[in-house]
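Text of data.cif (mmCIF, C-alpha atoms) as supplied:
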data_my_file
#
loop_
_atom_site.label_atom_id
_atom_site.label_comp_id
_atom_site.auth_asym_id
_atom_site.auth_seq_id
_atom_site.Cartn_x
_atom_site.Cartn_y
_atom_site.Cartn_z
CA MET A 218 5.40 -31.46 2.27
CA ASN A 219 8.55 -29.77 1.09
CA VAL A 220 10.83 -28.45 3.81
CA SER A 221 14.07 -26.63 3.06
CA GLN A 222 16.68 -25.50 5.53
CA GLU A 223 18.11 -23.13 2.95
CA HIS A 224 15.97 -21.01 0.70
CA GLY A 225 16.48 -18.15 -1.68
CA PRO A 226 15.28 -14.61 -1.03
CA LEU A 227 12.37 -15.13 -3.43
CA SER A 228 11.38 -18.62 -2.25
CA GLY A 229 7.66 -18.77 -1.60
CA PHE A 230 6.89 -15.88 -3.95
CA THR A 231 5.33 -16.01 -7.42
CA VAL A 232 6.50 -13.45 -9.97
CA GLY A 233 4.77 -12.72 -13.27
CA VAL A 234 7.00 -12.02 -16.29
CA THR A 235 5.43 -10.01 -19.13
CA ALA A 236 8.54 -9.79 -21.32
CA ALA A 237 8.68 -11.21 -24.84
CA ARG A 238 12.41 -10.64 -25.32
CA ARG A 239 14.95 -12.04 -22.82
CA ALA A 240 12.12 -13.65 -20.85
CA ASP A 241 14.12 -16.85 -20.41
CA GLU A 242 17.04 -14.91 -18.95
CA LEU A 243 14.81 -13.00 -16.53
CA GLY A 244 12.92 -16.16 -15.55
CA ALA A 245 16.17 -18.01 -14.86
CA LEU A 246 17.45 -15.18 -12.66
CA LEU A 247 14.22 -15.23 -10.65
CA GLN A 248 14.10 -19.02 -10.33
CA ARG A 249 17.73 -19.13 -9.23
CA ARG A 250 16.67 -17.02 -6.24
CA GLY A 251 13.77 -19.29 -5.43
CA ALA A 252 10.81 -17.63 -7.16
CA THR A 253 8.01 -19.43 -8.94
CA VAL A 254 7.68 -17.76 -12.35
CA LEU A 255 4.48 -17.28 -14.33
CA HIS A 256 5.43 -16.21 -17.87
CA ALA A 257 2.94 -14.53 -20.15
CA PRO A 258 4.48 -12.50 -23.00
CA ALA A 259 2.21 -9.48 -23.38
CA LEU A 260 3.65 -8.72 -26.84
CA ARG A 261 5.13 -10.29 -29.91
CA ILE A 262 7.85 -8.73 -32.02
CA VAL A 263 7.30 -7.94 -35.70
CA PRO A 264 10.05 -9.80 -37.60
CA LEU A 265 12.51 -7.26 -39.00
CA ALA A 266 12.60 -8.80 -42.44
CA ASP A 267 8.83 -8.28 -42.74
CA ASP A 268 8.76 -4.78 -41.29
CA SER A 269 7.73 -2.42 -44.08
CA GLU A 270 7.91 0.65 -41.80
CA LEU A 271 11.56 0.00 -40.95
CA LEU A 272 12.37 -0.58 -44.61
CA ALA A 273 10.67 2.69 -45.61
CA ALA A 274 12.51 4.67 -42.89
CA THR A 275 15.84 3.15 -43.97
CA LYS A 276 15.30 4.07 -47.63
CA GLU A 277 14.25 7.60 -46.64
CA LEU A 278 17.47 8.16 -44.68
CA ILE A 279 19.63 6.77 -47.47
CA ASP A 280 17.90 9.05 -50.01
CA LEU A 281 18.06 12.14 -47.80
CA ALA A 282 20.87 12.12 -45.26
CA PRO A 283 20.12 13.15 -41.67
CA ASP A 284 22.31 15.53 -39.70
CA VAL A 285 22.08 13.50 -36.48
CA VAL A 286 21.35 9.85 -35.76
CA ILE A 287 20.54 8.73 -32.21
CA ALA A 288 21.15 5.04 -31.42
CA THR A 289 19.13 4.12 -28.32
CA THR A 290 19.67 0.36 -27.82
CA ALA A 291 22.40 -2.08 -28.82
CA ILE A 292 20.07 -4.84 -29.97
CA GLY A 293 17.96 -2.35 -31.90
CA PHE A 294 20.92 -0.77 -33.66
CA ARG A 295 22.39 -4.18 -34.55
CA GLY A 296 18.99 -5.37 -35.77
CA TRP A 297 18.61 -2.31 -37.97
CA ILE A 298 22.00 -2.82 -39.63
CA GLU A 299 21.34 -6.56 -40.11
CA ALA A 300 17.89 -5.93 -41.58
CA ALA A 301 19.27 -3.32 -43.99
CA ASP A 302 21.96 -5.78 -45.04
CA GLY A 303 19.30 -8.42 -45.69
CA TRP A 304 17.39 -6.01 -47.93
CA GLY A 305 20.58 -5.15 -49.83
CA TYR A 306 20.91 -1.68 -48.29
CA GLY A 307 23.55 -2.45 -45.67
CA GLU A 308 26.50 -0.69 -47.27
CA ALA A 309 24.42 2.29 -48.31
CA LEU A 310 23.12 2.74 -44.75
CA LEU A 311 26.58 2.43 -43.20
CA GLY A 312 27.87 4.95 -45.72
CA ARG A 313 25.20 7.42 -44.65
CA LEU A 314 25.89 6.85 -40.94
CA ARG A 315 29.61 7.53 -41.40
CA GLY A 316 28.83 11.06 -42.51
CA VAL A 317 26.50 12.14 -39.71
CA GLU A 318 26.70 13.12 -36.03
CA LEU A 319 26.10 9.73 -34.38
CA LEU A 320 24.99 9.74 -30.73
CA ALA A 321 24.95 6.52 -28.67
CA ARG A 322 22.79 6.39 -25.53
CA GLY A 323 25.11 4.16 -23.47
CA PRO A 324 28.10 1.80 -23.43
CA LYS A 325 26.25 -1.19 -24.90
CA VAL A 326 25.09 0.95 -27.80
CA LYS A 327 28.63 2.26 -28.30
CA GLY A 328 29.78 -1.35 -28.60
CA ALA A 329 27.17 -2.05 -31.27
CA VAL A 330 28.10 1.12 -33.16
CA ARG A 331 31.79 0.24 -33.17
CA ALA A 332 31.08 -3.39 -34.12
CA ALA A 333 29.43 -2.00 -37.26
CA GLY A 334 32.67 -0.18 -38.11
CA LEU A 335 31.34 3.22 -37.05
CA THR A 336 32.42 5.70 -34.40
CA GLU A 337 30.04 7.58 -32.15
CA HIS A 338 30.51 11.33 -31.76
CA TRP A 339 29.22 11.42 -28.18
CA SER A 340 27.56 9.31 -25.50
CA PRO A 341 26.01 10.52 -22.20
CA SER A 342 27.65 9.30 -19.00
CA SER A 343 24.20 8.88 -17.44
CA GLU A 344 22.85 6.61 -20.23
CA SER A 345 19.86 8.97 -20.10
CA MET A 346 17.85 10.14 -23.08
CA ALA A 347 17.17 13.33 -21.12
CA GLU A 348 20.87 14.16 -21.29
CA VAL A 349 20.85 13.46 -25.04
CA LEU A 350 17.92 15.82 -25.45
CA ASP A 351 19.59 18.54 -23.38
CA ARG A 352 22.71 18.35 -25.54
CA LEU A 353 20.78 18.57 -28.79
CA LEU A 354 18.64 21.48 -27.66
CA ALA A 355 21.72 23.32 -26.36
CA GLU A 356 23.40 22.87 -29.75
CA GLY A 357 20.22 23.97 -31.50
CA VAL A 358 18.11 21.72 -33.74
CA ASP A 359 16.25 24.28 -35.85
CA GLY A 360 16.32 23.11 -39.47
CA ARG A 361 18.28 19.93 -38.61
CA ARG A 362 17.19 16.46 -39.67
CA VAL A 363 17.35 14.05 -36.69
CA ALA A 364 16.88 10.28 -37.01
CA LEU A 365 15.83 8.46 -33.84
CA GLN A 366 16.23 4.69 -33.61
CA LEU A 367 13.31 3.37 -31.55
CA HIS A 368 13.08 -0.01 -29.87
CA GLY A 369 9.41 -0.51 -29.15
CA GLU A 370 9.60 2.00 -26.30
CA PRO A 371 7.73 5.29 -26.42
CA LEU A 372 9.89 8.31 -25.66
CA PRO A 373 7.30 10.79 -24.38
CA GLY A 374 8.32 14.40 -24.74
CA PHE A 375 11.56 13.60 -26.56
CA VAL A 376 10.25 13.79 -30.12
CA GLU A 377 7.88 16.64 -29.25
CA SER A 378 10.74 18.70 -27.78
CA LEU A 379 12.90 18.20 -30.85
CA ARG A 380 10.08 19.19 -33.19
CA ALA A 381 9.22 22.20 -31.05
CA GLY A 382 12.86 23.25 -31.46
CA GLY A 383 12.47 23.15 -35.23
CA ALA A 384 13.94 19.71 -35.99
CA ASP A 385 12.74 17.40 -38.74
CA VAL A 386 12.51 14.10 -36.85
CA VAL A 387 12.62 10.77 -38.67
CA LEU A 388 11.57 7.76 -36.55
CA VAL A 389 13.31 4.43 -37.17
CA PRO A 390 10.94 1.85 -35.59
CA VAL A 391 13.16 -1.16 -34.89
CA TYR A 392 11.36 -4.11 -33.25
CA ARG A 393 7.77 -2.97 -33.25
CA TRP A 394 5.32 -4.75 -30.96
CA LEU A 395 1.92 -6.32 -31.55
CA PRO A 396 -0.41 -8.19 -29.17
CA PRO A 397 0.44 -11.88 -28.77
CA THR A 398 -1.22 -14.34 -31.15
CA ASP A 399 -2.19 -16.63 -28.25
CA LEU A 400 -3.84 -14.63 -25.47
CA THR A 401 -4.31 -17.62 -23.14
CA PRO A 402 -1.12 -17.02 -21.08
CA VAL A 403 -1.95 -13.30 -20.72
CA ASP A 404 -5.47 -14.13 -19.57
CA ARG A 405 -4.07 -16.64 -17.09
CA LEU A 406 -1.71 -13.98 -15.73
CA LEU A 407 -4.51 -11.41 -15.41
CA ASP A 408 -6.62 -13.95 -13.52
CA ALA A 409 -3.66 -14.62 -11.20
CA VAL A 410 -3.22 -10.89 -10.58
CA VAL A 411 -6.87 -10.45 -9.63
CA SER A 412 -6.86 -13.55 -7.39
CA ARG A 413 -3.55 -12.46 -5.82
CA GLY A 414 -1.93 -15.61 -7.19
CA VAL A 415 1.17 -13.57 -8.02
CA ASP A 416 3.11 -11.37 -5.62
CA ALA A 417 4.80 -9.19 -8.23
CA LEU A 418 4.67 -8.35 -11.93
CA THR A 419 7.83 -7.47 -13.83
CA PHE A 420 7.80 -5.13 -16.81
CA THR A 421 10.77 -4.62 -19.12
CA SER A 422 9.02 -2.45 -21.72
CA ALA A 423 6.30 0.17 -21.66
CA PRO A 424 4.41 -1.47 -24.55
CA ALA A 425 4.09 -4.67 -22.50
CA ALA A 426 2.48 -2.76 -19.64
CA ALA A 427 0.14 -0.97 -22.05
CA SER A 428 -0.73 -4.23 -23.81
CA LEU A 429 -1.53 -5.98 -20.52
CA PHE A 430 -3.98 -3.22 -19.58
CA ALA A 431 -5.48 -3.24 -23.07
CA ARG A 432 -6.29 -6.93 -22.63
CA ALA A 433 -7.65 -6.29 -19.14
CA GLU A 434 -9.95 -3.65 -20.64
CA GLU A 435 -11.14 -6.07 -23.34
CA ARG A 436 -12.09 -8.53 -20.59
CA GLY A 437 -13.74 -5.90 -18.39
CA MET A 438 -11.13 -6.40 -15.66
CA THR A 439 -9.44 -3.00 -15.56
CA ALA A 440 -10.78 -1.98 -12.16
CA GLU A 441 -9.94 -5.35 -10.57
CA VAL A 442 -6.42 -5.41 -12.02
CA THR A 443 -5.79 -1.82 -10.95
CA ALA A 444 -7.02 -2.60 -7.42
CA ALA A 445 -4.68 -5.60 -7.16
CA LEU A 446 -1.67 -3.62 -8.39
CA SER A 447 -2.57 -0.77 -6.04
CA HIS A 448 -2.45 -2.84 -2.88
CA ASP A 449 -1.24 -6.43 -3.07
CA VAL A 450 0.74 -7.09 -6.25
CA LEU A 451 4.05 -5.25 -6.64
CA SER A 452 4.78 -3.62 -10.02
CA ALA A 453 8.52 -3.83 -10.73
CA CYS A 454 9.75 -1.96 -13.82
CA VAL A 455 13.20 -2.04 -15.36
CA GLY A 456 13.24 1.77 -15.71
CA PRO A 457 11.24 4.99 -15.66
CA VAL A 458 10.08 4.84 -19.30
CA THR A 459 8.73 1.33 -18.75
CA ALA A 460 6.84 2.55 -15.68
CA LEU A 461 4.94 5.34 -17.47
CA PRO A 462 1.83 3.35 -18.52
CA LEU A 463 1.42 2.17 -14.92
CA GLN A 464 2.08 5.56 -13.34
CA SER A 465 -0.40 7.18 -15.71
CA ARG A 466 -3.03 5.02 -14.02
CA GLY A 467 -1.97 6.21 -10.59
CA LEU A 468 -0.06 3.03 -9.74
CA ASP A 469 3.14 3.04 -7.74
CA THR A 470 6.12 1.15 -9.15
CA VAL A 471 9.60 0.19 -8.00
CA GLN A 472 12.63 0.55 -10.28
CA PRO A 473 16.32 -0.30 -9.88
CA GLU A 474 18.93 2.45 -10.04
CA ARG A 475 20.55 0.70 -13.01
CA PHE A 476 18.09 -0.17 -15.75
CA ARG A 477 19.13 -3.81 -16.21
CA LEU A 478 17.59 -7.23 -15.55
CA GLY A 479 20.09 -8.15 -12.81
CA PRO A 480 19.40 -5.06 -10.68
CA LEU A 481 15.66 -5.54 -11.28
CA VAL A 482 15.84 -9.04 -9.78
CA GLN A 483 17.98 -7.81 -6.89
CA LEU A 484 15.36 -5.15 -6.18
CA LEU A 485 12.67 -7.84 -5.99
CA CYS A 486 14.91 -9.79 -3.59
CA GLN A 487 14.72 -6.79 -1.27
CA GLU A 488 11.13 -5.67 -1.80
CA LEU A 489 9.17 -8.93 -1.63
CA PRO A 490 10.66 -10.31 1.62
CA ALA A 491 10.18 -6.87 3.16
CA ARG A 492 6.45 -7.11 2.37
CA ALA A 493 6.10 -10.52 4.05
CA ARG A 494 4.26 -10.54 7.38
CA THR A 495 6.45 -11.81 10.22
CA LEU A 496 5.22 -12.52 13.76
CA PRO A 497 6.38 -14.39 16.88
CA ILE A 498 3.89 -17.25 17.29
CA ALA A 499 4.01 -19.85 20.09
CA GLY A 500 7.76 -19.45 20.51
CA HIS A 501 8.40 -19.62 16.77
CA ARG A 502 9.15 -17.00 14.14
CA LEU A 503 6.49 -17.17 11.44
CA GLU A 504 6.97 -15.42 8.08
CA VAL A 505 4.07 -15.60 5.63
CA ARG A 506 5.11 -15.37 1.97
CA GLY A 507 3.07 -15.66 -1.21
CA HIS A 508 2.50 -19.42 -1.31
CA ALA A 509 4.78 -20.67 1.45
CA VAL A 510 5.65 -20.02 5.08
CA VAL A 511 9.05 -19.73 6.71
CA VAL A 512 9.00 -21.20 10.22
CA ASP A 513 12.19 -20.55 12.20
CA GLY A 514 14.13 -20.18 8.96
CA GLU A 515 12.68 -23.31 7.31
CA LEU A 516 10.67 -22.85 4.13
CA ARG A 517 7.45 -24.87 4.20
CA ALA A 518 5.11 -25.25 1.24
CA VAL A 519 1.46 -24.67 2.14
CA PRO A 520 -1.51 -25.68 -0.06
CA PRO A 521 -3.70 -22.86 -1.39
CA ALA A 522 -6.57 -23.58 1.01
CA GLY A 523 -4.17 -23.48 3.94
CA MET A 524 -2.69 -20.17 2.76
CA ALA A 525 -6.20 -18.72 2.52
CA LEU A 526 -6.89 -19.69 6.14
CA LEU A 527 -3.53 -18.42 7.34
CA ARG A 528 -4.03 -15.05 5.65
CA ALA A 529 -7.44 -14.71 7.30
CA LEU A 530 -5.87 -15.47 10.70
CA ILE A 531 -2.85 -13.20 10.27
CA ARG A 532 -5.01 -10.20 9.33
CA ARG A 533 -5.96 -10.10 13.02
CA PRO A 534 -3.19 -11.95 14.85
CA GLY A 535 -4.25 -13.22 18.26
CA TRP A 536 -7.95 -12.64 17.57
CA VAL A 537 -10.40 -15.52 17.29
CA VAL A 538 -11.64 -15.92 13.71
CA ALA A 539 -14.99 -17.70 13.42
CA ARG A 540 -15.37 -20.82 11.30
CA ALA A 541 -17.97 -19.08 9.14
CA GLU A 542 -15.49 -16.31 8.30
CA LEU A 543 -12.75 -18.83 7.56
CA LEU A 544 -15.15 -20.75 5.34
CA ARG A 545 -15.74 -17.60 3.29
CA ALA A 546 -11.96 -17.24 2.90
CA LEU A 547 -11.60 -20.72 1.41
CA PRO A 548 -11.59 -20.85 -2.40
CA GLY A 549 -14.74 -22.64 -3.60
CA ALA A 550 -15.50 -24.26 -0.24
CA GLY A 551 -19.29 -23.99 -0.37
CA ARG A 552 -21.25 -24.01 2.89
CA ASP A 553 -19.83 -26.97 4.79
CA GLU A 554 -17.74 -25.82 7.77
CA HIS A 555 -16.15 -29.27 7.80
CA ALA A 556 -14.05 -27.96 4.89
CA VAL A 557 -12.46 -25.52 7.35
CA GLU A 558 -11.49 -28.36 9.71
CA THR A 559 -9.98 -30.37 6.86
CA ALA A 560 -8.01 -27.41 5.49
CA MET A 561 -6.90 -26.45 9.00
CA ALA A 562 -5.57 -29.96 9.67
CA ARG A 563 -3.55 -29.82 6.46
CA LEU A 564 -2.30 -26.35 7.30
CA ARG A 565 -1.06 -27.44 10.73
CA ALA A 566 0.68 -30.44 9.16
CA ALA A 567 2.33 -28.21 6.55
CA LEU A 568 3.57 -25.79 9.22
CA GLY A 569 5.13 -28.64 11.21
CA ALA A 570 4.21 -26.94 14.50
CA PRO A 571 0.56 -27.66 15.41
CA LYS A 572 0.55 -25.28 18.38
CA LEU A 573 0.97 -22.25 16.12
CA ILE A 574 -2.82 -22.26 15.61
CA GLN A 575 -5.14 -22.72 18.58
CA THR A 576 -8.66 -24.12 18.43
CA VAL A 577 -11.10 -22.06 20.47
CA VAL A 578 -14.03 -24.37 21.24
CA LYS A 579 -17.35 -23.32 19.70
CA ARG A 580 -15.79 -20.08 18.41
CA GLY A 581 -13.10 -20.74 15.82
CA TYR A 582 -9.32 -20.50 15.57
CA ARG A 583 -6.60 -18.05 16.46
CA LEU A 584 -2.86 -17.64 15.99
CA ALA A 585 -1.08 -18.32 19.28
CA LEU A 586 0.63 -14.94 19.40
CA ASP A 587 3.44 -14.77 21.97
CA PRO A 588 2.37 -13.05 25.23
CA ALA A 589 4.98 -10.30 24.81
CA VAL A 590 3.20 -9.00 21.72
CA GLY A 591 -0.22 -10.60 22.08
CA SER A 592 -1.62 -7.78 24.17
CA LYS A 593 -1.20 -5.45 21.19
CA TYR A 594 -3.49 -7.55 19.01
CA ALA A 595 -5.67 -10.03 20.88
CA ASP A 596 -9.32 -9.57 21.72
#
Hey, can you dump this file as structure tokens for me?
Amino acid sequence: MNVSQEHGPLSGFTVGVTAARRADELGALLQRRGATVLHAPALRIVPLADDSELLAATKELIDLAPDVVIATTAIGFRGWIEAADGWGYGEALLGRLRGVELLARGPKVKGAVRAAGLTEHWSPSSESMAEVLDRLLAEGVDGRRVALQLHGEPLPGFVESLRAGGADVVLVPVYRWLPPTDLTPVDRLLDAVVSRGVDALTFTSAPAAASLFARAEERGMTAEVTAALSHDVLSACVGPVTALPLQSRGLDTVQPERFRLGPLVQLLCQELPARARTLPIAGHRLEVRGHAVVVDGELRAVPPAGMALLRALIRRPGWVVARAELLRALPGAGRDEHAVETAMARLRAALGAPKLIQTVVKRGYRLALDPAVGSKYAD
């Protein structure tokens, strides 16, 4: 039994990571705060050197210069320049970009633009593509050729608005996504979502969210996955564009104010503990987390069978829960009620305070809710 006097804000919680890029960085940030991380990249990135679509778009822009180029991400812009250089078109592309109106979405992109020896004409203070769109439409785009550097993220409404305004839009698809070659980790993550083996899913790109649901549909699990994300598993997205595939399915999401990995993790540090059930039990403060319990500030690991029993008890704190009902809550327990007694003994040992759970002879078990609050719940 692991007992810790000090624990991180995410200790006892399991977080699923769907990212392909920067997954190690996100996982490390989560683990540093105590989370157990289940990583399943929902996508793989098409290598730039092999990307015929990017090569074709680059040649097209060199042959026929655009009026405006919009750089949306630093890594995407750098990757585009490096890929063009590898194909022998680096200088030609930079020459074209020096003669156009170059817009950079945010400070990181400005840094990438300047590192390439270029100078941006303008960058929005909000880092918002909506502000970029407003500026272009206010200037007028009728008859103008606009190149948009993409980074695997759909930009709904952006391209359509430019084309409706009369622009000729050229898409530069840097870092396109495909489903992962090995689907085993994704399937494992989907199973964990449905079984509530994860407390939150993190999404750092819209294609990852769409890909996860596409796999769920292939396995006939869409309804189960949607139900889990609707009620028990938190969907945490790095920004509003990433959240769109989830919101289109009627799912609520949480997003940080700043669209970065650090703020995303900080948001989880607030949201997940706030969702934990906390009650005064037998003179102790009991906080039930995903796969652990905090008793009077001490984190205590609880085996899966014990967590299943505890969740059944805490759904109706102070009420007697029959052995037959607890047996049904146990994963794969069969029909022997002795399995309940065994799991209950291990649960009490894990909690380190046996009097938290009372045995009610011939009836079942109940949480020993403190008298001050017990009248609100008990039968």
(Q) Give me the residues near A:Leu527 as a ChimeraX atom specification, where near means some atom within 10 Å (using all atoms listed in the file) and where sequence neighbours in that chain fewer than 6 positions away do not count. (A) /A:505,510,519,521,534,543,546,561,564-565,574,583-584
(Q) If the PyMOL selection byres ((chain A and resi 223-237) around 8) were run on this exact file, what residues would it hold? Put them as an NGL selection string. (A) :A and (221-222 or 238-240 or 243-244 or 247 or 249-262 or 406 or 414-422 or 425-426 or 485-487 or 489-490 or 506-510 or 514-516 or 518)
Kindly save the residues from that selection, with C-alpha atoms included, as a compact mmCIF listing (two decimals), in the coordinates of the input.
# COMPACT_ATOMS: atom_id res chain seq x y z
CA SER A 221 14.07 -26.63 3.06
CA GLN A 222 16.68 -25.50 5.53
CA ARG A 238 12.41 -10.64 -25.32
CA ARG A 239 14.95 -12.04 -22.82
CA ALA A 240 12.12 -13.65 -20.85
CA LEU A 243 14.81 -13.00 -16.53
CA GLY A 244 12.92 -16.16 -15.55
CA LEU A 247 14.22 -15.23 -10.65
CA ARG A 249 17.73 -19.13 -9.23
CA ARG A 250 16.67 -17.02 -6.24
CA GLY A 251 13.77 -19.29 -5.43
CA ALA A 252 10.81 -17.63 -7.16
CA THR A 253 8.01 -19.43 -8.94
CA VAL A 254 7.68 -17.76 -12.35
CA LEU A 255 4.48 -17.28 -14.33
CA HIS A 256 5.43 -16.21 -17.87
CA ALA A 257 2.94 -14.53 -20.15
CA PRO A 258 4.48 -12.50 -23.00
CA ALA A 259 2.21 -9.48 -23.38
CA LEU A 260 3.65 -8.72 -26.84
CA ARG A 261 5.13 -10.29 -29.91
CA ILE A 262 7.85 -8.73 -32.02
CA LEU A 406 -1.71 -13.98 -15.73
CA GLY A 414 -1.93 -15.61 -7.19
CA VAL A 415 1.17 -13.57 -8.02
CA ASP A 416 3.11 -11.37 -5.62
CA ALA A 417 4.80 -9.19 -8.23
CA LEU A 418 4.67 -8.35 -11.93
CA THR A 419 7.83 -7.47 -13.83
CA PHE A 420 7.80 -5.13 -16.81
CA THR A 421 10.77 -4.62 -19.12
CA SER A 422 9.02 -2.45 -21.72
CA ALA A 425 4.09 -4.67 -22.50
CA ALA A 426 2.48 -2.76 -19.64
CA LEU A 485 12.67 -7.84 -5.99
CA CYS A 486 14.91 -9.79 -3.59
CA GLN A 487 14.72 -6.79 -1.27
CA LEU A 489 9.17 -8.93 -1.63
CA PRO A 490 10.66 -10.31 1.62
CA ARG A 506 5.11 -15.37 1.97
CA GLY A 507 3.07 -15.66 -1.21
CA HIS A 508 2.50 -19.42 -1.31
CA ALA A 509 4.78 -20.67 1.45
CA VAL A 510 5.65 -20.02 5.08
CA GLY A 514 14.13 -20.18 8.96
CA GLU A 515 12.68 -23.31 7.31
CA LEU A 516 10.67 -22.85 4.13
CA ALA A 518 5.11 -25.25 1.24
Q | Result set, the PyMOL selection byres ((chain A and resi 542) around 10) on current file, as a list in words | A |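 Taken on the displayed file, the PyMOL selection byres ((chain A and resi 542) around 10) yields the residues Leu526, Ala529, Leu530, Val538, Ala539, Arg540, Ala541, Leu543, Leu544, Arg545, Ala546, Leu547, Glu554, Val557 and Gly581 of chain A.
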Q. At what distance in Å, to one decimal, does atom CA of A:Val358 lie from atom CA of A:Pro283?
A.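 Computed distance, atom CA of A:Pro283 to atom CA of A:Val358, equals 11.8 Å.
Atom CA of A:Leu271 is found 10.9 Å from atom CA of A:Ile298.
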Q.
I'd like to know which of A:Val482, A:Leu265, A:Ala274, A:Val455 is closest to A:Val387, using only C-alpha atoms.
A. A:Ala274
